[in-house]
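Notes to accompany the following structure.
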Amino acid sequence: MDKKNALRAGALAAGTTLMMLLMSSPALALTRDDGDDPGKGLSVVQTLGLYVLAPLVLFAVIAGLVMVLDKSKVRVIKPKATKA
């Protein structure tokens with residue numbers, strides 16, 4: 001029964017993805033709309049900084065704040081292995 005559910009979920013995911021790809025129309029992205037003013041594109045360095053470096057820095061800052069501001073006093077200490 002588990003294999004049947006996995007097959008059903010895979011078929012649903014594949015079907016949904018296929019329908020999304022078929023329904024989208026990337027050719028319309030080339031057509032300009034009225035009032036469209038896109039500006040200049042980003043360089044490779046700017047793109048990597050915006051989509052790779054900035055999220056990593058933000059993750060590190062949030063993780064650091066969570067560790068520094070942790071107020072819990074309970075620490076779990078693993079018991080030492082006893083020789084038998």
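Ligands are numbered from 1 in the order shown, chains are lettered A, B, ... in the order of the structure tokens, and residues start at 1 in each chain.
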In chain A, DSSP helix (DSSP H, G or I) residues written as JSON, numbers by chain: {"A": [2, 3, 4, 5, 6, 7, 8, 9, 10, 11, 12, 13, 14, 15, 16, 17, 18, 19, 20, 21, 22, 23, 26, 27, 28, 29, 30, 44, 45, 46, 47, 48, 49, 50, 51, 52, 53, 54, 55, 56, 57, 58, 59, 60, 61, 62, 63, 64, 65, 66, 67, 68]}
Record the distance separating CA of Ala60 (chain A) and CA of Ser43 (chain A), expressed in Å with one decimal.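 So the two atoms, CA of Ala60 (chain A) and CA of Ser43 (chain A), lie 24.7 Å apart.
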